[in-house]
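Input: a single structure, listed below in structure tokens.
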Amino acid sequence: MDIRSLIAPVVADREALQDFVDTLADHAAHVERDVAMLKSTPGDRHVISELFRAVHNIKGDAALCKIELAVAIAHPIETVLSRFRDGEIAFSDFLAEAILLAIDRLELAAEALVSGKSLDALRLLPLVQGLEKLALATPADLDARASDLIEAVSGFRPAAAVSIPTRGKTSSAASSKNPRVADDLHFFRSLAAQFEARSPLFKGRTTRILRLAQETNLAAGKRIDPAQLEAAVCMHDVGMMFLPESVWLKVDHMTPDEKLALRTHPDYAAGLLARMDGWSAAAEMVAQHHEMPDGAGYPKGLKADQICDGAKILAIVDAFEAVMLKHIHRGKNRSVLRAIAEINACDKQFAPEWIEPFNRVIRRTVEA
């Protein structure tokens, strides 16, 4: 392996790179589907062959398009699957998680190459080194090597296979002793319920995001007023309902005009909150929750110190929820580990002072 292909990859042919990205999406979907099937039927020879073929095709396409980092990632996965196909090693949840995490990271790397973004936060060298150790591991050490790989890339050591957690009822600021505040929060929740009803994918979304936001706020010393934070969580995407459903429920890539339309949604919900007495802080959170510390967000391109804390935490928990459901069309949600690995790889998108307490919350979820 040429380490330079991971640390400082060179794109010799951008058209070939785009061709690789287009085919990778299809192959990655097949990998995710086949891995999910093997979890329930690990001895299915047809599925094993299909999974091996998908990874082999990724490697072949990468070599053809001269994407060396993709070859470096796919080759050891292919070796692992060859050993599995030959009956030398057994399939496990840890192995499945490691393979899917590696494919996720390959997709992120390919997208970063297309957009000219840095690959530094993707931890590609530890990923490939972990994959190479996994490919050579004895059957007895396989799960330990897979766990090492997952920790090296995600920062979290899995105790077992991790999926979307189930929790009890989320505490709510709606229990406030102020009747007006409680009534307003109940109203905001009813609007969030209307938003969730537009798609089965959104069911329970507000409760999940609210729990993560509240727990992250608590982990950071309760720096944000809980009632204002709850109002912002409930209302942050309500503005979507003022846009055509063909825009905000679209699964495929958006056109430039659709992206511009989507960027107006924070203003609608923030405008509603700003016109209600006592909710100006929540309105600010909603208006700014798509801003980024580097100024690349919207609608105003604010930078780090210009963005309020509530918007920073809302940006993280909202993105985490989106990543969990990112590949729902492939038939399976992402695991917590794969989602948090992607969030932590987006180092320019989120406020670092809030990523740390959020990671602590997720760590408790993983360990539980």
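By order of appearance in the structure tokens: chains A, B, ..., then residues from 1 within every chain, and ligands from 1 in the order shown.
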
Write out as CSV the residues of range 222-289 of chain A that have any atom within 6 Å of an atom of range 295-315 of chain A, one row each with the nearest atom pair and its distance in Å to one decimal, counting only C-alpha atoms, sorted by chain and then rising number.
residue,atom,partner,partner_atom,distance
A:Met285,CA,A:Ala311,CA,4.2
A:Gln288,CA,A:Ala311,CA,5.5
A:His289,CA,A:Ala311,CA,4.4

May I have all residues of range 105-245 of chain A that DSSP, computed from the backbone, assigns to alpha helix (DSSP H), given as a ChimeraX atom specification?
-> /A:105-115,124-136,142-154,179-196,205-219,226-235,245

Mind pulling up the distance from CA of Glu230 in chain A to CA of Asn178 in chain A?
-> 14.9 Å

Residue contacts of range 265-281 of chain A (9 Å, only C-alpha atoms) excluding same-chain residues fewer than 2 positions away, as a PDB file with N, CA and C atoms, in the first residue's frame:
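Everything below was put into selection-v1.pdb:
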ATOM      1  N   VAL A 181     -46.081  28.692  29.311  1.00  0.00           N
ATOM      2  CA  VAL A 181     -44.953  27.986  28.711  1.00  0.00           C
ATOM      3  C   VAL A 181     -45.336  26.549  28.393  1.00  0.00           C
ATOM      4  N   ASP A 225     -31.372  27.060  28.100  1.00  0.00           N
ATOM      5  CA  ASP A 225     -32.658  26.920  28.789  1.00  0.00           C
ATOM      6  C   ASP A 225     -33.431  25.739  28.199  1.00  0.00           C
ATOM      7  N   GLN A 228     -36.586  26.539  26.038  1.00  0.00           N
ATOM      8  CA  GLN A 228     -36.255  27.137  24.751  1.00  0.00           C
ATOM      9  C   GLN A 228     -35.685  26.073  23.797  1.00  0.00           C
ATOM     10  N   LEU A 229     -34.874  25.178  24.344  1.00  0.00           N
ATOM     11  CA  LEU A 229     -34.296  24.111  23.534  1.00  0.00           C
ATOM     12  C   LEU A 229     -35.379  23.168  23.034  1.00  0.00           C
ATOM     13  N   ALA A 231     -38.544  23.877  22.534  1.00  0.00           N
ATOM     14  CA  ALA A 231     -39.312  24.584  21.505  1.00  0.00           C
ATOM     15  C   ALA A 231     -38.570  24.559  20.167  1.00  0.00           C
ATOM     16  N   ALA A 232     -37.251  24.774  20.217  1.00  0.00           N
ATOM     17  CA  ALA A 232     -36.457  24.775  18.989  1.00  0.00           C
ATOM     18  C   ALA A 232     -36.444  23.399  18.332  1.00  0.00           C
ATOM     19  N   MET A 235     -39.780  22.765  16.648  1.00  0.00           N
ATOM     20  CA  MET A 235     -40.146  23.669  15.559  1.00  0.00           C
ATOM     21  C   MET A 235     -39.119  23.767  14.435  1.00  0.00           C
ATOM     22  N   HIS A 236     -37.914  23.206  14.607  1.00  0.00           N
ATOM     23  CA  HIS A 236     -36.826  23.541  13.692  1.00  0.00           C
ATOM     24  C   HIS A 236     -37.103  23.137  12.244  1.00  0.00           C
ATOM     25  N   ASP A 237     -37.903  22.095  12.028  1.00  0.00           N
ATOM     26  CA  ASP A 237     -38.189  21.669  10.660  1.00  0.00           C
ATOM     27  C   ASP A 237     -39.646  21.875  10.255  1.00  0.00           C
ATOM     28  N   VAL A 238     -40.420  22.514  11.108  1.00  0.00           N
ATOM     29  CA  VAL A 238     -41.824  22.761  10.779  1.00  0.00           C
ATOM     30  C   VAL A 238     -41.943  23.625   9.534  1.00  0.00           C
ATOM     31  N   GLY A 239     -40.965  24.491   9.302  1.00  0.00           N
ATOM     32  CA  GLY A 239     -40.980  25.334   8.105  1.00  0.00           C
ATOM     33  C   GLY A 239     -40.971  24.546   6.813  1.00  0.00           C
ATOM     34  N   MET A 240     -40.542  23.274   6.873  1.00  0.00           N
ATOM     35  CA  MET A 240     -40.569  22.415   5.688  1.00  0.00           C
ATOM     36  C   MET A 240     -41.978  22.297   5.116  1.00  0.00           C
ATOM     37  N   MET A 241     -42.963  22.335   6.006  1.00  0.00           N
ATOM     38  CA  MET A 241     -44.345  22.123   5.563  1.00  0.00           C
ATOM     39  C   MET A 241     -44.876  23.288   4.736  1.00  0.00           C
ATOM     40  N   PHE A 242     -44.131  24.388   4.687  1.00  0.00           N
ATOM     41  CA  PHE A 242     -44.519  25.509   3.829  1.00  0.00           C
ATOM     42  C   PHE A 242     -43.930  25.371   2.426  1.00  0.00           C
ATOM     43  N   LEU A 243     -43.160  24.301   2.214  1.00  0.00           N
ATOM     44  CA  LEU A 243     -42.544  24.041   0.909  1.00  0.00           C
ATOM     45  C   LEU A 243     -43.272  22.885   0.227  1.00  0.00           C
ATOM     46  N   ALA A 261     -34.711  26.394  -2.474  1.00  0.00           N
ATOM     47  CA  ALA A 261     -36.021  26.410  -1.815  1.00  0.00           C
ATOM     48  C   ALA A 261     -35.922  25.814  -0.415  1.00  0.00           C
ATOM     49  N   LEU A 262     -35.173  24.731  -0.288  1.00  0.00           N
ATOM     50  CA  LEU A 262     -35.045  24.059   1.005  1.00  0.00           C
ATOM     51  C   LEU A 262     -34.371  24.954   2.038  1.00  0.00           C
ATOM     52  N   ARG A 263     -33.490  25.807   1.574  1.00  0.00           N
ATOM     53  CA  ARG A 263     -32.749  26.669   2.496  1.00  0.00           C
ATOM     54  C   ARG A 263     -33.617  27.761   3.126  1.00  0.00           C
ATOM     55  N   ALA A 283     -36.366  30.950  18.674  1.00  0.00           N
ATOM     56  CA  ALA A 283     -36.394  31.428  17.283  1.00  0.00           C
ATOM     57  C   ALA A 283     -34.979  31.566  16.734  1.00  0.00           C
ATOM     58  N   GLU A 284     -34.061  32.082  17.552  1.00  0.00           N
ATOM     59  CA  GLU A 284     -32.676  32.235  17.120  1.00  0.00           C
ATOM     60  C   GLU A 284     -32.042  30.872  16.846  1.00  0.00           C
ATOM     61  N   MET A 285     -32.318  29.901  17.707  1.00  0.00           N
ATOM     62  CA  MET A 285     -31.782  28.544  17.501  1.00  0.00           C
ATOM     63  C   MET A 285     -32.261  27.958  16.179  1.00  0.00           C
ATOM     64  N   VAL A 286     -33.546  28.103  15.917  1.00  0.00           N
ATOM     65  CA  VAL A 286     -34.118  27.551  14.693  1.00  0.00           C
ATOM     66  C   VAL A 286     -33.549  28.256  13.470  1.00  0.00           C
ATOM     67  N   ALA A 287     -33.457  29.578  13.532  1.00  0.00           N
ATOM     68  CA  ALA A 287     -32.958  30.344  12.386  1.00  0.00           C
ATOM     69  C   ALA A 287     -31.515  29.972  12.040  1.00  0.00           C
ATOM     70  N   GLN A 288     -30.735  29.542  13.041  1.00  0.00           N
ATOM     71  CA  GLN A 288     -29.300  29.338  12.836  1.00  0.00           C
ATOM     72  C   GLN A 288     -28.880  27.867  12.795  1.00  0.00           C
ATOM     73  N   HIS A 289     -29.819  26.923  12.848  1.00  0.00           N
ATOM     74  CA  HIS A 289     -29.395  25.529  13.051  1.00  0.00           C
ATOM     75  C   HIS A 289     -28.739  24.897  11.826  1.00  0.00           C
ATOM     76  N   HIS A 290     -28.727  25.584  10.690  1.00  0.00           N
ATOM     77  CA  HIS A 290     -27.978  25.097   9.530  1.00  0.00           C
ATOM     78  C   HIS A 290     -26.737  25.947   9.242  1.00  0.00           C
ATOM     79  N   PRO A 299     -28.897  30.256   6.644  1.00  0.00           N
ATOM     80  CA  PRO A 299     -29.109  31.143   5.485  1.00  0.00           C
ATOM     81  C   PRO A 299     -28.171  32.351   5.425  1.00  0.00           C
ATOM     82  N   CYS A 308     -25.528  30.864  17.996  1.00  0.00           N
ATOM     83  CA  CYS A 308     -25.882  30.626  19.394  1.00  0.00           C
ATOM     84  C   CYS A 308     -25.687  29.149  19.757  1.00  0.00           C
ATOM     85  N   GLY A 310     -27.595  27.031  21.294  1.00  0.00           N
ATOM     86  CA  GLY A 310     -28.721  26.154  20.993  1.00  0.00           C
ATOM     87  C   GLY A 310     -28.726  25.688  19.552  1.00  0.00           C
TER      88      GLY A 310
END

Take CA of Ala282 in chain A and CA of Arg189 in chain A and report the distance between them in Å, one decimal.
->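 That distance, rounded to one decimal, is 13.7 Å.
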
Considering only C-alpha atoms, give me a table of residues in range 305-346 of chain A that are at most 12 Å from range 355-364 of chain A, with the closest atom pair and distance in Å for each, as CSV.
residue,atom,partner,partner_atom,distance
A:Asp309,CA,A:Ile355,CA,11.7
A:Lys312,CA,A:Ile355,CA,9.2
A:Ile313,CA,A:Ile355,CA,8.2
A:Leu314,CA,A:Phe358,CA,10.8
A:Ala315,CA,A:Ile355,CA,10.4
A:Ile316,CA,A:Ile355,CA,7.5
A:Val317,CA,A:Phe358,CA,8.2
A:Asp318,CA,A:Phe358,CA,12.0
A:Ala319,CA,A:Ile355,CA,11.8
A:Phe320,CA,A:Phe358,CA,10.2
A:Ser335,CA,A:Ile362,CA,11.6
A:Val336,CA,A:Ile362,CA,7.9
A:Leu337,CA,A:Ile362,CA,8.8
A:Arg338,CA,A:Ile362,CA,11.7
A:Ala339,CA,A:Ile362,CA,10.2
A:Ile340,CA,A:Ile362,CA,7.8
A:Ala341,CA,A:Asn359,CA,10.2
A:Ile343,CA,A:Ile355,CA,8.8
A:Asn344,CA,A:Ile355,CA,7.7
A:Ala345,CA,A:Ile355,CA,11.0
A:Cys346,CA,A:Ile355,CA,10.5

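Straight-line separation from CA of Gln214 in chain A to CA of Arg157 in chain A: 24.1 Å.
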
Skip range 81-84 of chain A itself and residues of its chain fewer than 6 positions away, then list as a ChimeraX atom specification all residues within 7 Å of it, counting only C-alpha atoms.
-> /A:52,90-91

Which residue of A:Ala137, A:Leu142, A:Ala192, A:Val47 approaches Phe94 in chain A most closely, using only C-alpha atoms = A:Leu142

Using only C-alpha atoms, which residue out of A:Ala152, A:Val114, A:Ala29, A:Leu249 lies closest to Arg198 in chain A?
->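 The answer is A:Leu249, which sits nearest to Arg198 in chain A.
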
Do you know which residues are at most 8 Å from Gln349 in chain A counting only C-alpha atoms, after dropping those on the same chain fewer than 2 positions away, and could you put them as a list in words?
-> Met292, Pro293, Asp294, Cys346, Asp347 and Ala351 of chain A

Lys326 in chain A proximity check over A:Asp184, A:Phe156, A:Pro200, A:Asp104, using only C-alpha atoms: winner is A:Asp104

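The smallest atom-to-atom distance between Ala109 in chain A and any of A:Thr365, A:Ser5, A:Ser154, A:Ser147, using only C-alpha atoms, is found for A:Ser5.
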
Find the residues around Asp34 in chain A up to 9 Å (only C-alpha atoms counted), leave out those fewer than 2 positions away in its own chain, and share them as a PyMOL selection string.
-> chain A and resi 29-32+36-39+47-48+50-51

Take the selection from the previous step and output its residues with N, CA and C atoms, as a PDB file, in the first residue's frame.
ATOM      1  N   ALA A  29     -24.871  -0.172  -1.828  1.00  0.00           N
ATOM      2  CA  ALA A  29     -26.231  -0.596  -1.476  1.00  0.00           C
ATOM      3  C   ALA A  29     -26.329  -2.119  -1.437  1.00  0.00           C
ATOM      4  N   HIS A  30     -25.682  -2.783  -2.385  1.00  0.00           N
ATOM      5  CA  HIS A  30     -25.685  -4.248  -2.404  1.00  0.00           C
ATOM      6  C   HIS A  30     -24.935  -4.813  -1.205  1.00  0.00           C
ATOM      7  N   VAL A  31     -23.822  -4.184  -0.855  1.00  0.00           N
ATOM      8  CA  VAL A  31     -23.061  -4.637   0.314  1.00  0.00           C
ATOM      9  C   VAL A  31     -23.913  -4.540   1.567  1.00  0.00           C
ATOM     10  N   GLU A  32     -24.567  -3.394   1.749  1.00  0.00           N
ATOM     11  CA  GLU A  32     -25.386  -3.201   2.952  1.00  0.00           C
ATOM     12  C   GLU A  32     -26.544  -4.196   2.989  1.00  0.00           C
ATOM     13  N   ALA A  36     -26.821  -7.309   5.798  1.00  0.00           N
ATOM     14  CA  ALA A  36     -28.027  -7.430   6.620  1.00  0.00           C
ATOM     15  C   ALA A  36     -28.630  -8.828   6.503  1.00  0.00           C
ATOM     16  N   MET A  37     -28.638  -9.387   5.303  1.00  0.00           N
ATOM     17  CA  MET A  37     -29.183 -10.727   5.097  1.00  0.00           C
ATOM     18  C   MET A  37     -28.336 -11.789   5.791  1.00  0.00           C
ATOM     19  N   LEU A  38     -27.005 -11.620   5.751  1.00  0.00           N
ATOM     20  CA  LEU A  38     -26.121 -12.602   6.370  1.00  0.00           C
ATOM     21  C   LEU A  38     -26.228 -12.600   7.892  1.00  0.00           C
ATOM     22  N   LYS A  39     -26.648 -11.485   8.463  1.00  0.00           N
ATOM     23  CA  LYS A  39     -26.828 -11.461   9.910  1.00  0.00           C
ATOM     24  C   LYS A  39     -27.896 -12.452  10.363  1.00  0.00           C
ATOM     25  N   VAL A  47     -25.927 -15.493  -0.978  1.00  0.00           N
ATOM     26  CA  VAL A  47     -25.706 -14.145  -0.460  1.00  0.00           C
ATOM     27  C   VAL A  47     -24.215 -13.897  -0.256  1.00  0.00           C
ATOM     28  N   ILE A  48     -23.503 -14.913   0.232  1.00  0.00           N
ATOM     29  CA  ILE A  48     -22.059 -14.776   0.413  1.00  0.00           C
ATOM     30  C   ILE A  48     -21.382 -14.454  -0.920  1.00  0.00           C
ATOM     31  N   GLU A  50     -22.768 -13.077  -3.559  1.00  0.00           N
ATOM     32  CA  GLU A  50     -23.186 -11.746  -4.003  1.00  0.00           C
ATOM     33  C   GLU A  50     -22.408 -10.654  -3.273  1.00  0.00           C
ATOM     34  N   LEU A  51     -22.193 -10.839  -1.973  1.00  0.00           N
ATOM     35  CA  LEU A  51     -21.442  -9.860  -1.188  1.00  0.00           C
ATOM     36  C   LEU A  51     -19.997  -9.785  -1.676  1.00  0.00           C
TER      37      LEU A  51
END

Among A:Ile3, A:Ala135, A:Leu122, A:Ala146, Glu88 in chain A is approached most closely, using only C-alpha atoms, by A:Ala135
